[in-house]
file input-v7.cif (mmCIF, C-alpha atoms)
data_entry
#
loop_
_atom_site.label_atom_id
_atom_site.label_comp_id
_atom_site.auth_asym_id
_atom_site.auth_seq_id
_atom_site.Cartn_x
_atom_site.Cartn_y
_atom_site.Cartn_z
CA MET A 1 160.65 -138.30 -36.84
CA THR A 2 159.91 -135.59 -34.36
CA VAL A 3 157.04 -135.23 -31.96
CA GLY A 4 155.16 -132.00 -32.28
CA PRO A 5 152.67 -130.31 -29.97
CA GLU A 6 149.85 -132.47 -28.61
CA ASN A 7 151.80 -135.72 -29.32
CA ILE A 8 151.44 -135.50 -33.11
CA VAL A 9 154.15 -137.43 -34.95
CA ILE A 10 155.66 -135.68 -37.96
CA ALA A 11 157.34 -137.94 -40.53
CA GLN A 12 160.57 -136.78 -42.11
CA ALA A 13 162.28 -138.07 -45.24
CA GLY A 14 165.54 -139.95 -44.69
CA VAL A 15 167.58 -143.02 -45.52
CA VAL A 16 167.10 -146.14 -43.47
CA HIS A 17 169.83 -148.77 -43.62
CA THR A 18 168.18 -152.18 -43.60
CA GLY A 19 171.26 -154.41 -43.92
CA PRO A 20 171.92 -157.04 -46.57
CA SER A 21 169.20 -158.01 -49.05
CA LEU A 22 168.18 -161.59 -48.27
CA SER A 23 165.58 -163.95 -49.58
CA GLY A 24 163.88 -166.67 -47.60
CA ASN A 25 160.63 -168.42 -46.84
CA LEU A 26 157.94 -167.87 -44.26
CA LYS A 27 156.51 -170.98 -42.68
CA ALA A 28 154.00 -171.68 -39.99
CA GLU A 29 155.46 -172.41 -36.56
CA ARG A 30 153.19 -175.45 -36.31
CA GLN A 31 151.45 -177.25 -39.13
CA ALA A 32 149.76 -180.60 -39.44
CA THR A 33 147.66 -182.67 -41.76
CA ILE A 34 144.70 -183.69 -39.62
CA ARG A 35 143.80 -187.34 -40.25
CA ALA A 36 140.96 -189.62 -39.21
CA GLU A 37 141.99 -191.92 -36.35
CA VAL A 38 139.17 -194.37 -37.07
CA ALA A 39 137.18 -195.32 -40.16
CA GLY A 40 133.68 -194.04 -40.81
CA ALA A 41 131.33 -192.07 -43.03
CA VAL A 42 131.43 -188.26 -42.79
CA LEU A 43 128.25 -187.25 -40.99
CA GLN A 44 128.95 -183.53 -40.48
CA THR A 45 131.57 -180.92 -41.37
CA TYR A 46 131.99 -177.94 -39.06
CA ALA A 47 134.71 -175.86 -40.71
CA ASP A 48 135.74 -174.80 -44.20
CA ARG A 49 138.96 -173.73 -45.90
CA GLY A 50 140.61 -170.58 -44.68
CA GLN A 51 138.65 -170.56 -41.44
CA ARG A 52 140.43 -169.84 -38.17
CA VAL A 53 139.77 -172.48 -35.52
CA GLN A 54 140.55 -172.88 -31.84
CA ALA A 55 142.25 -175.87 -30.22
CA GLY A 56 139.67 -178.60 -29.59
CA GLN A 57 137.13 -177.15 -32.02
CA PRO A 58 135.32 -179.94 -33.95
CA LEU A 59 136.18 -180.04 -37.65
CA VAL A 60 134.46 -183.21 -38.90
CA GLU A 61 132.19 -185.82 -37.32
CA LEU A 62 132.12 -189.40 -38.51
CA ASN A 63 129.01 -191.56 -38.03
CA PRO A 64 129.16 -192.99 -34.47
CA ALA A 65 125.87 -194.97 -34.64
CA PRO A 66 127.33 -198.51 -34.91
CA LEU A 67 129.69 -197.86 -32.00
CA GLU A 68 126.90 -196.32 -29.91
CA ALA A 69 124.81 -199.48 -30.37
CA GLN A 70 127.76 -201.58 -29.19
CA LEU A 71 128.20 -199.20 -26.24
CA ALA A 72 124.58 -199.81 -25.15
CA GLN A 73 125.24 -203.55 -25.24
CA LEU A 74 128.45 -203.20 -23.20
CA GLU A 75 126.72 -200.97 -20.65
CA ALA A 76 123.98 -203.61 -20.23
CA GLN A 77 126.64 -206.27 -19.64
CA ALA A 78 128.34 -204.04 -17.05
CA ALA A 79 125.02 -203.46 -15.27
CA LEU A 80 124.39 -207.22 -15.15
CA ALA A 81 127.89 -207.80 -13.79
CA ALA A 82 127.24 -205.23 -11.04
CA VAL A 83 123.96 -206.95 -10.09
CA ASN A 84 125.69 -210.35 -9.98
CA LEU A 85 128.45 -208.95 -7.76
CA ARG A 86 125.95 -207.41 -5.32
CA ARG A 87 123.88 -210.60 -5.23
CA ASP A 88 126.89 -212.88 -4.73
CA THR A 89 128.38 -210.56 -2.10
CA ALA A 90 125.15 -210.88 -0.11
CA GLN A 91 125.22 -214.66 -0.63
CA LEU A 92 128.84 -214.78 0.61
CA ALA A 93 127.74 -213.19 3.90
CA VAL A 94 125.57 -216.25 4.62
CA GLN A 95 128.17 -218.59 3.11
CA ALA A 96 125.93 -219.61 0.18
CA VAL A 97 128.72 -218.94 -2.38
CA SER A 98 132.48 -219.05 -2.23
CA GLN A 99 134.90 -216.12 -2.10
CA ALA A 100 136.16 -217.26 -5.50
CA THR A 101 132.71 -216.61 -7.01
CA VAL A 102 132.65 -213.07 -5.61
CA ASP A 103 136.21 -212.47 -6.84
CA THR A 104 135.20 -213.67 -10.32
CA ASP A 105 132.16 -211.38 -10.26
CA ALA A 106 134.36 -208.41 -9.26
CA ALA A 107 136.80 -209.15 -12.10
CA THR A 108 133.92 -209.53 -14.58
CA LEU A 109 132.52 -206.13 -13.54
CA LYS A 110 135.94 -204.49 -13.80
CA SER A 111 136.43 -205.97 -17.29
CA ALA A 112 132.96 -204.85 -18.41
CA LEU A 113 133.58 -201.28 -17.18
CA ALA A 114 136.92 -201.23 -19.03
CA GLN A 115 135.16 -202.31 -22.23
CA VAL A 116 132.61 -199.50 -21.77
CA ALA A 117 135.44 -196.97 -21.33
CA ALA A 118 137.24 -198.28 -24.42
CA GLN A 119 134.05 -198.01 -26.48
CA LYS A 120 133.48 -194.43 -25.31
CA ALA A 121 137.05 -193.59 -26.35
CA LEU A 122 136.35 -195.01 -29.83
CA ILE A 123 133.18 -192.93 -30.08
CA ALA A 124 135.12 -189.82 -29.08
CA GLN A 125 137.53 -190.48 -31.97
CA LYS A 126 134.60 -190.11 -34.37
CA THR A 127 134.77 -186.35 -33.76
CA ILE A 128 137.89 -184.98 -35.42
CA ALA A 129 138.99 -181.79 -33.67
CA ALA A 130 141.75 -179.22 -34.15
CA PRO A 131 144.80 -180.13 -32.03
CA PHE A 132 145.90 -176.48 -31.86
CA ALA A 133 144.57 -173.07 -32.88
CA GLY A 134 145.28 -172.02 -36.44
CA GLN A 135 143.98 -171.57 -39.95
CA LEU A 136 142.58 -174.40 -42.05
CA GLY A 137 143.70 -175.31 -45.54
CA ILE A 138 141.48 -177.02 -48.09
CA ARG A 139 139.16 -179.62 -46.56
CA GLN A 140 139.71 -182.94 -48.31
CA VAL A 141 136.45 -184.66 -47.30
CA ASN A 142 132.76 -184.20 -48.08
CA LEU A 143 129.48 -185.25 -46.46
CA GLY A 144 128.76 -188.93 -46.91
CA GLN A 145 132.32 -189.81 -47.92
CA TYR A 146 133.73 -192.93 -46.26
CA LEU A 147 137.12 -192.43 -44.63
CA GLU A 148 139.60 -195.13 -43.75
CA ALA A 149 141.67 -194.70 -40.60
CA GLY A 150 144.58 -192.42 -41.49
CA SER A 151 142.77 -190.61 -44.32
CA PRO A 152 143.69 -186.90 -44.56
CA VAL A 153 140.87 -184.55 -43.57
CA VAL A 154 142.33 -181.02 -43.66
CA THR A 155 145.59 -179.16 -43.10
CA LEU A 156 146.00 -176.82 -40.17
CA GLN A 157 148.64 -174.12 -39.76
CA GLN A 158 149.40 -171.87 -36.82
CA LEU A 159 150.20 -168.56 -38.52
CA ASP A 160 151.02 -166.52 -35.45
CA PRO A 161 153.92 -166.49 -34.87
CA MET A 162 155.59 -167.37 -38.17
CA ASP A 163 159.13 -168.63 -38.71
CA VAL A 164 161.44 -167.12 -41.32
CA ASP A 165 163.86 -169.51 -43.00
CA PHE A 166 166.75 -167.74 -44.72
CA THR A 167 170.51 -167.94 -45.11
CA VAL A 168 173.06 -165.19 -44.56
CA PRO A 169 176.43 -165.32 -46.31
CA GLN A 170 179.25 -165.86 -43.82
CA SER A 171 180.93 -162.63 -44.92
CA GLN A 172 177.93 -160.64 -43.68
#
call {"tool": "encode", "arguments": {"input": "input-v7.cif", "output": "structure tokens"}}
result
Amino acid sequence: MTVGPENIVIAQAGVVHTGPSLSGNLKAERQATIRAEVAGAVLQTYADRGQRVQAGQPLVELNPAPLEAQLAQLEAQAALAAVNLRRDTAQLAVQAVSQATVDTDAATLKSALAQVAAQKALIAQKTIAAPFAGQLGIRQVNLGQYLEAGSPVVTLQQLDPMDVDFTVPQSQ
């Protein structure tokens, strides 16, 4: 090739040596079968086959309603534990209750708050999201379908960059 006036490239015929002829396979640098972490009925699908997705993008949502009802109950128990701790702390100041009672109330509140956090984590698992950016394969679930924990949802492949798997004879 030569560069002509005004930066125009002019192609010229010629022989290019490319080296040995090899065969191999292209594969995605990262690939995964996305699976449900918890059981539940498919409430919503957000992506379809062949679609490019970003890391963290929701793919499927399972029905969180039963867990949300349990969360409300746990939050009520935590609120009651907080009220009991405040009340007994005030009672301790006038020596109407023992330190052991206040310590028990504090532990009860801490346990209730931990249960609330655990329930919120379970609810978060009802939204199945892409762990990395890539392109989706065929979605293996449909609306209303019940999934067990570990059920495959969709495959995801990161296609940029790609790996090339090939062998070269030792003589070359």
call {"tool": "closest_residue", "arguments": {"input": "input-v7.cif", "among": "A:His17, A:Arg139, A:Arg52, A:Arg86", "to": "A:Arg35", "atoms": "all atoms listed in the file"}}
result
A:Arg139
call {"tool": "resolve_selection", "arguments": {"input": "input-v7.cif", "expression": "the PyMOL selection byres ((chain A and resi 157-163) around 9)", "output": "PyMOL selection string"}}
result
chain A and resi 25-33+132-137+155-156+164-165
call {"tool": "write_last_selection", "arguments": {"input": "input-v7.cif", "atoms": "C-alpha atoms", "output": "PDB file, keeping the file's coordinate frame"}}
result
ATOM      1  CA  ASN A  25     160.630-168.420 -46.840  1.00  0.00           C
ATOM      2  CA  LEU A  26     157.940-167.870 -44.260  1.00  0.00           C
ATOM      3  CA  LYS A  27     156.510-170.980 -42.680  1.00  0.00           C
ATOM      4  CA  ALA A  28     154.000-171.680 -39.990  1.00  0.00           C
ATOM      5  CA  GLU A  29     155.460-172.410 -36.560  1.00  0.00           C
ATOM      6  CA  ARG A  30     153.190-175.450 -36.310  1.00  0.00           C
ATOM      7  CA  GLN A  31     151.450-177.250 -39.130  1.00  0.00           C
ATOM      8  CA  ALA A  32     149.760-180.600 -39.440  1.00  0.00           C
ATOM      9  CA  THR A  33     147.660-182.670 -41.760  1.00  0.00           C
ATOM     10  CA  PHE A 132     145.900-176.480 -31.860  1.00  0.00           C
ATOM     11  CA  ALA A 133     144.570-173.070 -32.880  1.00  0.00           C
ATOM     12  CA  GLY A 134     145.280-172.020 -36.440  1.00  0.00           C
ATOM     13  CA  GLN A 135     143.980-171.570 -39.950  1.00  0.00           C
ATOM     14  CA  LEU A 136     142.580-174.400 -42.050  1.00  0.00           C
ATOM     15  CA  GLY A 137     143.700-175.310 -45.540  1.00  0.00           C
ATOM     16  CA  THR A 155     145.590-179.160 -43.100  1.00  0.00           C
ATOM     17  CA  LEU A 156     146.000-176.820 -40.170  1.00  0.00           C
ATOM     18  CA  VAL A 164     161.440-167.120 -41.320  1.00  0.00           C
ATOM     19  CA  ASP A 165     163.860-169.510 -43.000  1.00  0.00           C
TER      20      ASP A 165
END
call {"tool": "closest_residue", "arguments": {"input": "input-v7.cif", "among": "A:Ala149, A:Val16, A:Ala129, A:Val154", "to": "A:Gly56", "atoms": "only C-alpha atoms"}}
result
A:Ala129
call {"tool": "closest_residue", "arguments": {"input": "input-v7.cif", "among": "A:Thr104, A:Ser151, A:Gln95, A:Gln115", "to": "A:Gly40", "atoms": "all atoms listed in the file"}}
result
A:Ser151
call {"tool": "atom_distance", "arguments": {"input": "input-v7.cif", "atom1": "atom CA of A:Leu122", "atom2": "atom CA of A:Val38"}}
result
7.8 Å
call {"tool": "atom_distance", "arguments": {"input": "input-v7.cif", "atom1": "atom CA of A:Gln44", "atom2": "atom CA of A:Pro66"}}
result
16.1 Å
call {"tool": "resolve_selection", "arguments": {"input": "input-v7.cif", "expression": "the PyMOL selection byres ((chain A and resi 72-78) around 10)", "output": "MDAnalysis selection string"}}
result
chainID A and resid 67:71 79:84 108:117 119
call {"tool": "decode", "arguments": {"input": "input-v7.cif", "residues": "stretch 46-59 of chain A", "atoms": "all heavy atoms", "output": "compact mmCIF listing (two decimals), in the first residue's frame"}}
result
# COMPACT_ATOMS: atom_id res chain seq x y z
N TYR A 46 -36.92 -10.29 31.89
CA TYR A 46 -36.47 -8.98 31.42
C TYR A 46 -35.59 -9.04 30.19
O TYR A 46 -35.25 -8.01 29.63
CB TYR A 46 -35.69 -8.26 32.53
CG TYR A 46 -36.51 -7.99 33.76
CD1 TYR A 46 -36.32 -8.72 34.92
CD2 TYR A 46 -37.49 -7.00 33.77
CE1 TYR A 46 -37.06 -8.47 36.06
CE2 TYR A 46 -38.24 -6.75 34.90
CZ TYR A 46 -38.02 -7.49 36.04
OH TYR A 46 -38.76 -7.24 37.16
N ALA A 47 -35.16 -10.22 29.79
CA ALA A 47 -34.23 -10.31 28.67
C ALA A 47 -34.55 -11.55 27.85
O ALA A 47 -35.12 -12.52 28.35
CB ALA A 47 -32.80 -10.39 29.19
N ASP A 48 -34.18 -11.52 26.57
CA ASP A 48 -34.46 -12.63 25.68
C ASP A 48 -33.18 -13.08 24.99
O ASP A 48 -32.16 -12.39 25.06
CB ASP A 48 -35.51 -12.22 24.65
CG ASP A 48 -36.35 -13.39 24.17
OD1 ASP A 48 -36.09 -14.54 24.59
OD2 ASP A 48 -37.27 -13.16 23.37
N ARG A 49 -33.25 -14.20 24.32
CA ARG A 49 -32.07 -14.79 23.69
C ARG A 49 -31.39 -13.81 22.73
O ARG A 49 -32.03 -13.00 22.08
CB ARG A 49 -32.45 -16.06 22.94
CG ARG A 49 -33.31 -15.77 21.76
CD ARG A 49 -33.57 -16.98 20.93
NE ARG A 49 -34.42 -16.50 19.85
CZ ARG A 49 -35.28 -17.21 19.22
NH1 ARG A 49 -35.43 -18.46 19.50
NH2 ARG A 49 -36.01 -16.68 18.27
N GLY A 50 -30.08 -13.89 22.73
CA GLY A 50 -29.28 -13.06 21.83
C GLY A 50 -29.08 -11.63 22.31
O GLY A 50 -28.30 -10.88 21.73
N GLN A 51 -29.77 -11.24 23.36
CA GLN A 51 -29.67 -9.87 23.84
C GLN A 51 -28.36 -9.65 24.59
O GLN A 51 -27.90 -10.52 25.31
CB GLN A 51 -30.84 -9.57 24.77
CG GLN A 51 -30.90 -8.15 25.26
CD GLN A 51 -32.16 -7.91 26.11
OE1 GLN A 51 -33.12 -8.64 26.03
NE2 GLN A 51 -32.11 -6.86 26.91
N ARG A 52 -27.77 -8.49 24.40
CA ARG A 52 -26.58 -8.10 25.16
C ARG A 52 -27.06 -7.49 26.47
O ARG A 52 -27.99 -6.68 26.48
CB ARG A 52 -25.73 -7.11 24.39
CG ARG A 52 -25.07 -7.72 23.19
CD ARG A 52 -24.02 -6.77 22.61
NE ARG A 52 -23.30 -7.42 21.55
CZ ARG A 52 -22.25 -8.22 21.73
NH1 ARG A 52 -21.81 -8.45 22.94
NH2 ARG A 52 -21.64 -8.78 20.71
N VAL A 53 -26.41 -7.89 27.57
CA VAL A 53 -26.78 -7.38 28.89
C VAL A 53 -25.54 -6.86 29.61
O VAL A 53 -24.41 -7.25 29.28
CB VAL A 53 -27.47 -8.48 29.74
CG1 VAL A 53 -28.80 -8.87 29.12
CG2 VAL A 53 -26.59 -9.69 29.91
N GLN A 54 -25.77 -6.00 30.56
CA GLN A 54 -24.70 -5.45 31.39
C GLN A 54 -24.64 -6.20 32.72
O GLN A 54 -25.63 -6.79 33.15
CB GLN A 54 -24.94 -3.95 31.64
CG GLN A 54 -24.95 -3.10 30.39
CD GLN A 54 -23.64 -3.20 29.63
OE1 GLN A 54 -22.56 -3.14 30.20
NE2 GLN A 54 -23.73 -3.38 28.32
N ALA A 55 -23.50 -6.14 33.37
CA ALA A 55 -23.35 -6.77 34.69
C ALA A 55 -24.37 -6.16 35.64
O ALA A 55 -24.55 -4.94 35.69
CB ALA A 55 -21.94 -6.57 35.22
N GLY A 56 -25.07 -7.01 36.38
CA GLY A 56 -26.07 -6.55 37.34
C GLY A 56 -27.45 -6.33 36.76
O GLY A 56 -28.40 -6.08 37.50
N GLN A 57 -27.59 -6.42 35.44
CA GLN A 57 -28.90 -6.21 34.82
C GLN A 57 -29.83 -7.37 35.17
O GLN A 57 -29.47 -8.53 35.02
CB GLN A 57 -28.74 -6.11 33.30
CG GLN A 57 -30.04 -5.85 32.56
CD GLN A 57 -29.82 -5.67 31.06
OE1 GLN A 57 -28.74 -5.29 30.63
NE2 GLN A 57 -30.85 -5.94 30.28
N PRO A 58 -31.06 -7.08 35.63
CA PRO A 58 -32.00 -8.16 35.96
C PRO A 58 -32.36 -8.97 34.71
O PRO A 58 -32.57 -8.40 33.63
CB PRO A 58 -33.22 -7.42 36.48
CG PRO A 58 -32.74 -6.07 36.86
CD PRO A 58 -31.59 -5.76 35.94
N LEU A 59 -32.43 -10.29 34.88
CA LEU A 59 -32.80 -11.18 33.78
C LEU A 59 -34.18 -11.79 34.03
O LEU A 59 -35.00 -11.86 33.13
CB LEU A 59 -31.76 -12.29 33.63
CG LEU A 59 -30.31 -11.83 33.43
CD1 LEU A 59 -29.37 -13.02 33.43
CD2 LEU A 59 -30.19 -11.02 32.15
